[in-house]
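Trainee: If it helps, the file is called query-v4.cif and holds mmCIF, C-alpha atoms and all ligand atoms:
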data_structure
#
loop_
_atom_site.label_atom_id
_atom_site.label_comp_id
_atom_site.auth_asym_id
_atom_site.auth_seq_id
_atom_site.Cartn_x
_atom_site.Cartn_y
_atom_site.Cartn_z
CA MET U 1 -149.73 -75.17 -125.24
CA GLU U 2 -147.41 -75.17 -122.23
CA ARG U 3 -144.10 -73.43 -122.79
CA GLN U 4 -140.99 -75.52 -122.35
CA GLN U 5 -138.52 -74.40 -119.72
CA ALA U 6 -135.15 -73.12 -120.80
CA ILE U 7 -132.16 -75.38 -121.30
CA VAL U 8 -129.99 -74.73 -118.25
CA VAL U 9 -126.32 -74.65 -119.25
CA ASP U 10 -124.13 -77.10 -117.35
CA GLY U 11 -120.93 -75.07 -117.35
CA LYS U 12 -119.14 -77.67 -115.25
CA ALA U 13 -119.80 -80.44 -117.75
CA LEU U 14 -118.69 -78.27 -120.70
CA ALA U 15 -115.62 -77.23 -118.72
CA ASN U 16 -114.76 -80.85 -117.86
CA ASP U 17 -114.91 -81.86 -121.53
CA ILE U 18 -112.47 -79.11 -122.50
CA ARG U 19 -110.23 -79.77 -119.50
CA SER U 20 -109.84 -83.44 -120.42
CA GLU U 21 -108.80 -82.38 -123.95
CA LEU U 22 -106.20 -80.10 -122.33
CA ALA U 23 -105.00 -82.89 -120.01
CA ASN U 24 -104.48 -85.12 -123.08
CA ARG U 25 -102.38 -82.39 -124.65
CA VAL U 26 -100.18 -82.22 -121.52
CA THR U 27 -99.72 -86.00 -121.70
CA GLU U 28 -98.66 -85.68 -125.35
CA LEU U 29 -96.17 -82.95 -124.43
CA GLY U 30 -94.72 -85.18 -121.69
CA ARG U 31 -94.36 -88.07 -124.15
CA ALA U 32 -92.51 -85.71 -126.49
CA GLY U 33 -90.12 -84.81 -123.64
CA GLN U 34 -91.46 -81.28 -123.27
CA ARG U 35 -92.26 -79.46 -120.04
CA PRO U 36 -95.92 -78.69 -119.23
CA PRO U 37 -97.34 -75.15 -119.56
CA CYS U 38 -96.83 -72.97 -116.49
CA LEU U 39 -99.24 -70.35 -115.11
CA CYS U 40 -98.02 -67.85 -112.54
CA VAL U 41 -100.67 -66.22 -110.36
CA VAL U 42 -100.03 -63.12 -108.29
CA LEU U 43 -102.21 -62.19 -105.30
CA VAL U 44 -101.76 -58.74 -103.80
CA GLY U 45 -103.34 -58.32 -100.38
CA ASP U 46 -105.53 -60.75 -98.46
CA ASP U 47 -109.02 -60.35 -99.91
CA PRO U 48 -110.65 -63.72 -99.12
CA ALA U 49 -112.66 -63.84 -102.38
CA SER U 50 -109.49 -63.20 -104.43
CA ALA U 51 -107.59 -65.83 -102.44
CA SER U 52 -110.33 -68.34 -103.14
CA TYR U 53 -110.39 -67.49 -106.89
CA ILE U 54 -106.60 -67.95 -107.02
CA LYS U 55 -106.87 -71.30 -105.27
CA GLY U 56 -109.51 -72.46 -107.77
CA LYS U 57 -107.31 -71.45 -110.70
CA GLN U 58 -104.27 -73.22 -109.28
CA ARG U 59 -106.27 -76.35 -108.54
CA ALA U 60 -107.58 -76.36 -112.11
CA CYS U 61 -103.99 -76.12 -113.37
CA THR U 62 -102.57 -78.95 -111.32
CA ARG U 63 -105.53 -81.24 -112.09
CA ILE U 64 -104.70 -81.20 -115.80
CA GLY U 65 -100.93 -81.37 -115.29
CA PHE U 66 -100.02 -77.68 -115.75
CA GLU U 67 -97.39 -76.15 -113.49
CA SER U 68 -98.76 -73.41 -111.28
CA VAL U 69 -96.73 -70.94 -109.27
CA GLU U 70 -98.15 -68.47 -106.76
CA HIS U 71 -96.71 -65.17 -105.57
CA ARG U 72 -98.33 -63.42 -102.62
CA LEU U 73 -97.60 -59.80 -101.85
CA PRO U 74 -98.86 -57.77 -98.88
CA ALA U 75 -101.65 -55.20 -99.42
CA ASN U 76 -99.26 -52.35 -98.58
CA VAL U 77 -96.70 -53.33 -101.25
CA ARG U 78 -95.54 -50.49 -103.53
CA GLU U 79 -96.69 -50.54 -107.14
CA ARG U 80 -93.10 -50.49 -108.35
CA ASP U 81 -92.39 -53.71 -106.41
CA VAL U 82 -95.34 -55.42 -108.12
CA LEU U 83 -94.03 -54.16 -111.47
CA ALA U 84 -90.55 -55.50 -110.65
CA LEU U 85 -92.05 -58.93 -109.89
CA ILE U 86 -93.90 -58.90 -113.22
CA GLU U 87 -90.75 -57.91 -115.11
CA GLY U 88 -88.98 -60.89 -113.55
CA LEU U 89 -91.82 -63.20 -114.61
CA ASN U 90 -91.74 -61.71 -118.12
CA ARG U 91 -88.07 -62.69 -118.37
CA ASP U 92 -88.51 -66.18 -116.90
CA PRO U 93 -88.54 -68.61 -119.86
CA GLU U 94 -90.37 -71.25 -117.79
CA VAL U 95 -93.38 -69.00 -117.14
CA ASP U 96 -95.98 -69.02 -119.93
CA GLY U 97 -98.89 -67.14 -118.38
CA ILE U 98 -99.04 -64.34 -115.82
CA LEU U 99 -102.26 -63.48 -114.01
CA VAL U 100 -102.53 -60.76 -111.39
CA GLN U 101 -105.78 -61.27 -109.51
CA LEU U 102 -108.16 -58.29 -109.58
CA PRO U 103 -109.27 -56.17 -107.80
CA LEU U 104 -106.00 -54.67 -106.57
CA PRO U 105 -105.55 -52.72 -103.34
CA ALA U 106 -105.74 -48.91 -103.53
CA GLY U 107 -102.55 -47.37 -104.86
CA ILE U 108 -101.83 -50.14 -107.36
CA ARG U 109 -103.15 -49.34 -110.80
CA ALA U 110 -104.61 -52.27 -112.72
CA GLU U 111 -103.73 -50.50 -116.02
CA ALA U 112 -100.06 -50.22 -115.03
CA ILE U 113 -99.98 -53.92 -114.14
CA ALA U 114 -101.65 -54.89 -117.43
CA GLU U 115 -99.23 -52.75 -119.43
CA ALA U 116 -96.21 -54.21 -117.62
CA THR U 117 -97.19 -57.78 -118.49
CA ASP U 118 -95.56 -59.26 -121.58
CA PRO U 119 -98.46 -59.41 -124.12
CA ALA U 120 -97.32 -62.95 -125.03
CA LYS U 121 -97.92 -64.04 -121.39
CA ASP U 122 -101.01 -61.89 -120.76
CA VAL U 123 -103.49 -64.75 -120.20
CA ASP U 124 -106.15 -62.32 -118.90
CA GLY U 125 -106.04 -60.52 -122.27
CA LEU U 126 -105.89 -57.09 -120.65
CA HIS U 127 -102.72 -55.64 -122.22
CA PRO U 128 -103.63 -52.81 -124.64
CA ILE U 129 -101.82 -54.71 -127.41
CA ASN U 130 -104.10 -57.71 -126.94
CA ALA U 131 -107.17 -55.47 -126.64
CA GLY U 132 -106.13 -53.76 -129.88
CA ARG U 133 -105.58 -57.08 -131.62
CA LEU U 134 -109.07 -58.19 -130.59
CA LEU U 135 -110.58 -54.98 -131.93
CA SER U 136 -108.69 -55.22 -135.20
CA GLY U 137 -109.44 -58.93 -135.65
CA GLN U 138 -105.84 -60.12 -135.27
CA PRO U 139 -104.86 -63.19 -133.24
CA GLY U 140 -103.98 -62.44 -129.62
CA LEU U 141 -104.90 -63.39 -126.07
CA VAL U 142 -108.55 -62.61 -125.28
CA PRO U 143 -110.12 -62.22 -121.79
CA CYS U 144 -111.30 -65.54 -120.39
CA THR U 145 -114.95 -64.86 -119.46
CA PRO U 146 -115.86 -63.56 -122.96
CA LEU U 147 -114.11 -66.58 -124.53
CA GLY U 148 -116.08 -68.88 -122.24
CA ILE U 149 -119.37 -67.22 -123.18
CA ILE U 150 -118.75 -67.71 -126.91
CA GLU U 151 -117.77 -71.34 -126.24
CA ILE U 152 -121.04 -71.91 -124.32
CA LEU U 153 -123.06 -70.44 -127.22
CA LYS U 154 -121.14 -72.49 -129.81
CA ARG U 155 -121.39 -75.74 -127.89
CA HIS U 156 -125.17 -75.21 -127.60
CA GLU U 157 -125.37 -74.39 -131.32
CA ILE U 158 -126.88 -70.96 -130.74
CA ASP U 159 -127.00 -69.23 -134.11
CA MET U 160 -125.06 -66.00 -133.61
CA GLN U 161 -124.99 -64.93 -137.25
CA GLY U 162 -127.42 -62.05 -137.73
CA ALA U 163 -128.75 -62.50 -134.18
CA ARG U 164 -129.56 -59.44 -132.10
CA ALA U 165 -127.09 -59.57 -129.18
CA VAL U 166 -127.37 -57.22 -126.22
CA VAL U 167 -124.53 -56.90 -123.70
CA ILE U 168 -125.18 -55.20 -120.35
CA GLY U 169 -121.83 -53.86 -119.14
CA ARG U 170 -118.88 -52.23 -120.87
CA SER U 171 -115.87 -53.25 -118.77
CA ALA U 172 -112.53 -54.05 -120.42
CA ILE U 173 -112.59 -57.58 -119.01
CA VAL U 174 -116.16 -58.71 -119.85
CA GLY U 175 -118.58 -56.31 -121.55
CA LYS U 176 -116.46 -54.80 -124.31
CA PRO U 177 -114.57 -57.96 -125.36
CA VAL U 178 -117.68 -60.18 -125.36
CA GLY U 179 -119.42 -57.61 -127.58
CA ILE U 180 -116.49 -57.66 -130.02
CA LEU U 181 -116.42 -61.47 -130.05
CA LEU U 182 -120.17 -61.55 -130.76
CA LEU U 183 -119.59 -59.07 -133.58
CA GLN U 184 -116.90 -61.38 -134.97
CA GLN U 185 -119.57 -64.10 -134.97
CA HIS U 186 -121.69 -61.74 -137.11
CA ALA U 187 -124.22 -60.82 -134.43
CA THR U 188 -125.76 -57.34 -134.40
CA VAL U 189 -124.48 -56.06 -131.09
CA THR U 190 -125.82 -53.41 -128.71
CA PHE U 191 -123.81 -52.37 -125.66
CA CYS U 192 -125.80 -51.21 -122.63
CA HIS U 193 -124.44 -49.66 -119.44
CA SER U 194 -125.40 -47.72 -116.34
CA ARG U 195 -126.60 -44.74 -118.39
CA THR U 196 -128.62 -46.65 -120.98
CA ARG U 197 -132.19 -45.36 -121.18
CA ASP U 198 -135.03 -47.86 -120.88
CA LEU U 199 -132.73 -50.85 -120.55
CA ALA U 200 -135.63 -53.33 -120.45
CA ALA U 201 -136.87 -52.16 -123.86
CA VAL U 202 -133.42 -52.88 -125.31
CA THR U 203 -132.97 -56.27 -123.65
CA ARG U 204 -136.43 -57.40 -124.85
CA GLU U 205 -135.08 -57.24 -128.41
CA ALA U 206 -132.17 -59.60 -127.64
CA ASP U 207 -131.89 -63.06 -129.15
CA ILE U 208 -128.70 -63.32 -127.08
CA LEU U 209 -128.52 -61.41 -123.81
CA VAL U 210 -125.28 -61.16 -121.81
CA ALA U 211 -125.71 -59.63 -118.35
CA ALA U 212 -122.40 -58.41 -116.89
CA ALA U 213 -123.35 -55.46 -114.72
CA GLY U 214 -122.69 -56.75 -111.21
CA SER U 215 -126.20 -55.83 -110.06
CA ALA U 216 -128.12 -58.58 -108.27
CA ARG U 217 -131.12 -60.00 -110.19
CA MET U 218 -131.58 -56.79 -112.15
CA VAL U 219 -132.73 -58.61 -115.30
CA LYS U 220 -136.36 -59.56 -114.69
CA GLY U 221 -138.32 -62.24 -116.50
CA ASP U 222 -140.23 -59.66 -118.56
CA TRP U 223 -136.94 -58.10 -119.80
CA ILE U 224 -136.30 -61.25 -121.82
CA LYS U 225 -137.48 -62.12 -125.32
CA PRO U 226 -139.15 -65.56 -125.29
CA GLY U 227 -136.67 -68.20 -126.42
CA ALA U 228 -133.59 -65.97 -126.01
CA ALA U 229 -130.17 -67.29 -124.93
CA VAL U 230 -129.39 -65.62 -121.60
CA ILE U 231 -125.83 -65.59 -120.27
CA ASP U 232 -125.58 -64.41 -116.68
CA VAL U 233 -122.05 -63.30 -115.80
CA GLY U 234 -122.86 -61.44 -112.57
CA VAL U 235 -121.58 -62.65 -109.22
CA ASN U 236 -123.23 -60.71 -106.38
CA PRO U 237 -123.06 -61.67 -102.72
CA ILE U 238 -126.50 -61.28 -101.12
CA ASP U 239 -126.92 -62.46 -97.51
CA GLY U 240 -123.99 -64.82 -97.85
CA VAL U 241 -125.28 -66.33 -101.11
CA LEU U 242 -123.90 -65.57 -104.58
CA VAL U 243 -126.62 -64.50 -107.00
CA GLY U 244 -126.42 -63.47 -110.64
CA ASP U 245 -127.50 -60.38 -112.55
CA VAL U 246 -130.55 -62.28 -113.82
CA ASP U 247 -133.63 -63.26 -111.82
CA PHE U 248 -133.04 -66.92 -112.66
CA ASP U 249 -136.35 -68.34 -111.40
CA ALA U 250 -138.38 -65.94 -113.52
CA ALA U 251 -136.03 -65.95 -116.52
CA LYS U 252 -135.89 -69.73 -116.93
CA ASP U 253 -139.61 -69.74 -117.79
CA VAL U 254 -139.06 -67.29 -120.66
CA ALA U 255 -135.57 -67.94 -122.05
CA GLY U 256 -134.67 -70.74 -124.46
CA LEU U 257 -131.27 -71.25 -122.84
CA ILE U 258 -129.88 -69.83 -119.63
CA THR U 259 -126.75 -70.08 -117.51
CA PRO U 260 -127.41 -70.68 -113.80
CA PRO U 261 -126.00 -68.24 -111.22
CA ARG U 262 -123.48 -70.90 -110.16
CA GLY U 263 -121.86 -73.56 -112.33
CA GLY U 264 -122.56 -71.67 -115.55
CA VAL U 265 -120.08 -69.04 -116.71
CA GLY U 266 -117.60 -69.45 -113.81
CA PRO U 267 -116.20 -72.91 -114.63
CA MET U 268 -115.86 -71.88 -118.29
CA THR U 269 -113.90 -68.76 -117.30
CA ILE U 270 -111.29 -70.84 -115.47
CA THR U 271 -111.19 -73.30 -118.35
CA MET U 272 -110.50 -70.51 -120.84
CA LEU U 273 -107.65 -69.38 -118.58
CA LEU U 274 -106.17 -72.86 -119.02
CA CYS U 275 -106.73 -72.63 -122.80
CA ASN U 276 -105.03 -69.22 -122.89
CA THR U 277 -102.09 -70.58 -120.89
CA LEU U 278 -101.70 -73.44 -123.37
CA ARG U 279 -101.95 -70.97 -126.27
CA ALA U 280 -99.31 -68.74 -124.72
CA TYR U 281 -97.08 -71.79 -124.14
CA GLU U 282 -97.51 -73.04 -127.70
CA SER U 283 -96.85 -69.70 -129.34
CA ARG U 284 -93.83 -69.07 -127.11
CA THR U 285 -92.34 -72.54 -127.57
CA ASN U 286 -93.61 -73.08 -131.15
CA SER U 287 -94.92 -76.47 -130.06
CA SER U 288 -98.48 -76.42 -131.45
P1 LIG U 301 -117.53 -53.68 -113.76
O1 LIG U 301 -118.06 -53.11 -112.49
O2 LIG U 301 -116.16 -53.35 -114.21
O3 LIG U 301 -118.51 -53.25 -114.94
C1 LIG U 301 -119.90 -53.28 -114.78
C2 LIG U 301 -120.54 -52.67 -115.99
O4 LIG U 301 -121.95 -52.77 -115.86
C3 LIG U 301 -120.23 -51.20 -116.18
O5 LIG U 301 -119.86 -51.00 -117.54
C4 LIG U 301 -121.54 -50.46 -115.85
O6 LIG U 301 -121.78 -49.37 -116.73
C5 LIG U 301 -122.57 -51.53 -116.08
N1 LIG U 301 -123.66 -51.41 -115.11
C6 LIG U 301 -123.57 -51.38 -113.76
N2 LIG U 301 -124.79 -51.25 -113.21
C7 LIG U 301 -125.66 -51.18 -114.22
C8 LIG U 301 -127.06 -51.04 -114.31
N3 LIG U 301 -127.81 -50.96 -113.22
N4 LIG U 301 -127.63 -51.02 -115.52
C9 LIG U 301 -126.88 -51.13 -116.65
N5 LIG U 301 -125.54 -51.28 -116.63
C10 LIG U 301 -124.95 -51.30 -115.44
O7 LIG U 301 -117.74 -55.25 -113.64
P2 LIG U 301 -117.12 -56.48 -114.48
O8 LIG U 301 -115.72 -56.73 -114.03
O9 LIG U 301 -117.38 -56.32 -115.92
O10 LIG U 301 -118.00 -57.67 -113.91
C11 LIG U 301 -119.41 -57.66 -114.03
C12 LIG U 301 -119.99 -58.77 -113.16
O11 LIG U 301 -119.54 -60.01 -113.63
C13 LIG U 301 -119.58 -58.70 -111.69
O12 LIG U 301 -120.65 -59.17 -110.91
C14 LIG U 301 -118.43 -59.68 -111.61
O13 LIG U 301 -118.26 -60.22 -110.31
C15 LIG U 301 -118.88 -60.73 -112.59
N6 LIG U 301 -117.82 -61.51 -113.20
C16 LIG U 301 -117.99 -62.85 -113.23
C17 LIG U 301 -117.05 -63.65 -113.85
C18 LIG U 301 -117.27 -65.12 -113.91
O14 LIG U 301 -116.39 -65.85 -114.30
N7 LIG U 301 -118.46 -65.60 -113.56
C19 LIG U 301 -115.93 -63.08 -114.43
C20 LIG U 301 -115.78 -61.69 -114.41
C21 LIG U 301 -116.75 -60.91 -113.80
#
Kindly return the structure encoded in the file as structure tokens.

Mentor:
Amino acid sequence: MERQQAIVVDGKALANDIRSELANRVTELGRAGQRPPCLCVVLVGDDPASASYIKGKQRACTRIGFESVEHRLPANVRERDVLALIEGLNRDPEVDGILVQLPLPAGIRAEAIAEATDPAKDVDGLHPINAGRLLSGQPGLVPCTPLGIIEILKRHEIDMQGARAVVIGRSAIVGKPVGILLLQQHATVTFCHSRTRDLAAVTREADILVAAAGSARMVKGDWIKPGAAVIDVGVNPIDGVLVGDVDFDAAKDVAGLITPPRGGVGPMTITMLLCNTLRAYESRTNSS
């Protein structure tokens, strides 16, 4: 019998559904005489990829009626000046979410920026207080890409309870938090990283495989368990084209569900940023 090809996740369609729910919420707030949520994005330096990410995030905000404010700082700015800007945004009652686009130029520590951000406005979920809340199962702001991944799995009714989940990558922004969220969904989670031995043998056991290594097409078709749900987070520029961490053409013939290298996880990440901004707004203004 011929094997069916994997379901290819339409991240844009999922994202649009959630974004129209958010737009309705903004309309309701307006009717109730309340201001819309406001996201403030900070770009340090002139990295073109970062500038384009920031633009996409701002566009997503304005399309659903959120306020969006941008601050641009030169690459040679001192760390203490970035921290002073963040302190001002922390104090501004009209700012609900603060996002400093990563990566940062040399000399500016991402940890210092995360720690300076008010945890209640930390829509990237990187403040140690939010990371600690996630680990201890308390409510807090959670990084956007991991939230988007769980939403994709839920909306496709992937059974996470008792499933064997394998995460490739252990960063604070993707690998670790997505593993914790999968654990909260009662999956049996294995974290893999650059020093994992015989990675393919581990990934072949996965009912749910999340690839977040930043290594182009490293996950081959024969690394995947037939029928598995494969979430490809990687964004790797190869000859001017963005490719994922998964060899999509080979993997789609083995997996049961797969995210494409473009239009899969990315649109959901931005959408979860909008959700986090609304959450921050609602908990700060008690308007939920
Ligand atoms: P990172 O560099 O901080 O972490 C990569 C992790 O992968 C590390 O823990 C490392 O140990 C592991 N790793 C690297 N090479 C490996 C290998 N060959 N085998 C096994 N493990 C390996 O990266 P990150 O910030 O977590 O991002 C990962 C990827 O996801 C990048 O390509 C990034 O651009 C992409 N990303 C995409 C989105 C999105 O919305 N689509 C969001 C965030 C990150």

Trainee: Please determine, counting all atoms listed in the file, which residue among U:Gly65, U:Ser50, U:His186, U:Asp198 has the shortest atom-to-atom distance to Glu21 of chain U.

Mentor: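 Under the stated criterion, the closest residue is U:Gly65.
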
Trainee: Can you work out the spacing between atom CA of Thr145 of chain U and atom CA of Ile173 of chain U in Å, to one decimal?

Mentor: 7.7 Å

Trainee: Restricting the calculation to all atoms listed in the file: of U:Val243, U:Leu153, U:Leu257, U:Val42, which residue gets closest to Val178 of chain U?

Mentor: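 For Val178 of chain U, the nearest of the candidates is U:Leu153.
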
Trainee: Could you state the separation of atom CA of Pro103 of chain U and atom CA of Phe248 of chain U in Å, given to one decimal place?

Mentor: 26.5 Å

Trainee: To one decimal place, how far is atom CA of Val265 of chain U from atom CA of Pro139 of chain U in Å?

Mentor: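 Answer for the atom CA of Val265 of chain U to atom CA of Pro139 of chain U separation: 23.2 Å.
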
Trainee: For ligand LIG 301 (chain U), list the contacting residues at 8 Å or closer, counting all atoms listed in the file, as a ChimeraX atom specification.

Mentor: /U:144-145,168-175,192-196,199,211-216,218,232-236,244-245,264-270

Trainee: List as a ChimeraX atom specification the residues having at least one atom at most 8 Å from position (-123.2, -75.2, -124.8) as given in the file, counting all atoms listed in the file.

Mentor: /U:9-11,14,151-157

Trainee: Near Leu126 of chain U, within 10 Å and counting only C-alpha atoms, which residues show up once chain neighbours fewer than 4 positions away are dropped, as a VMD selection string?

Mentor: chain U and resid 99 110 to 111 113 to 115 117 119 122 130 to 132 141 to 143 172 to 173 177
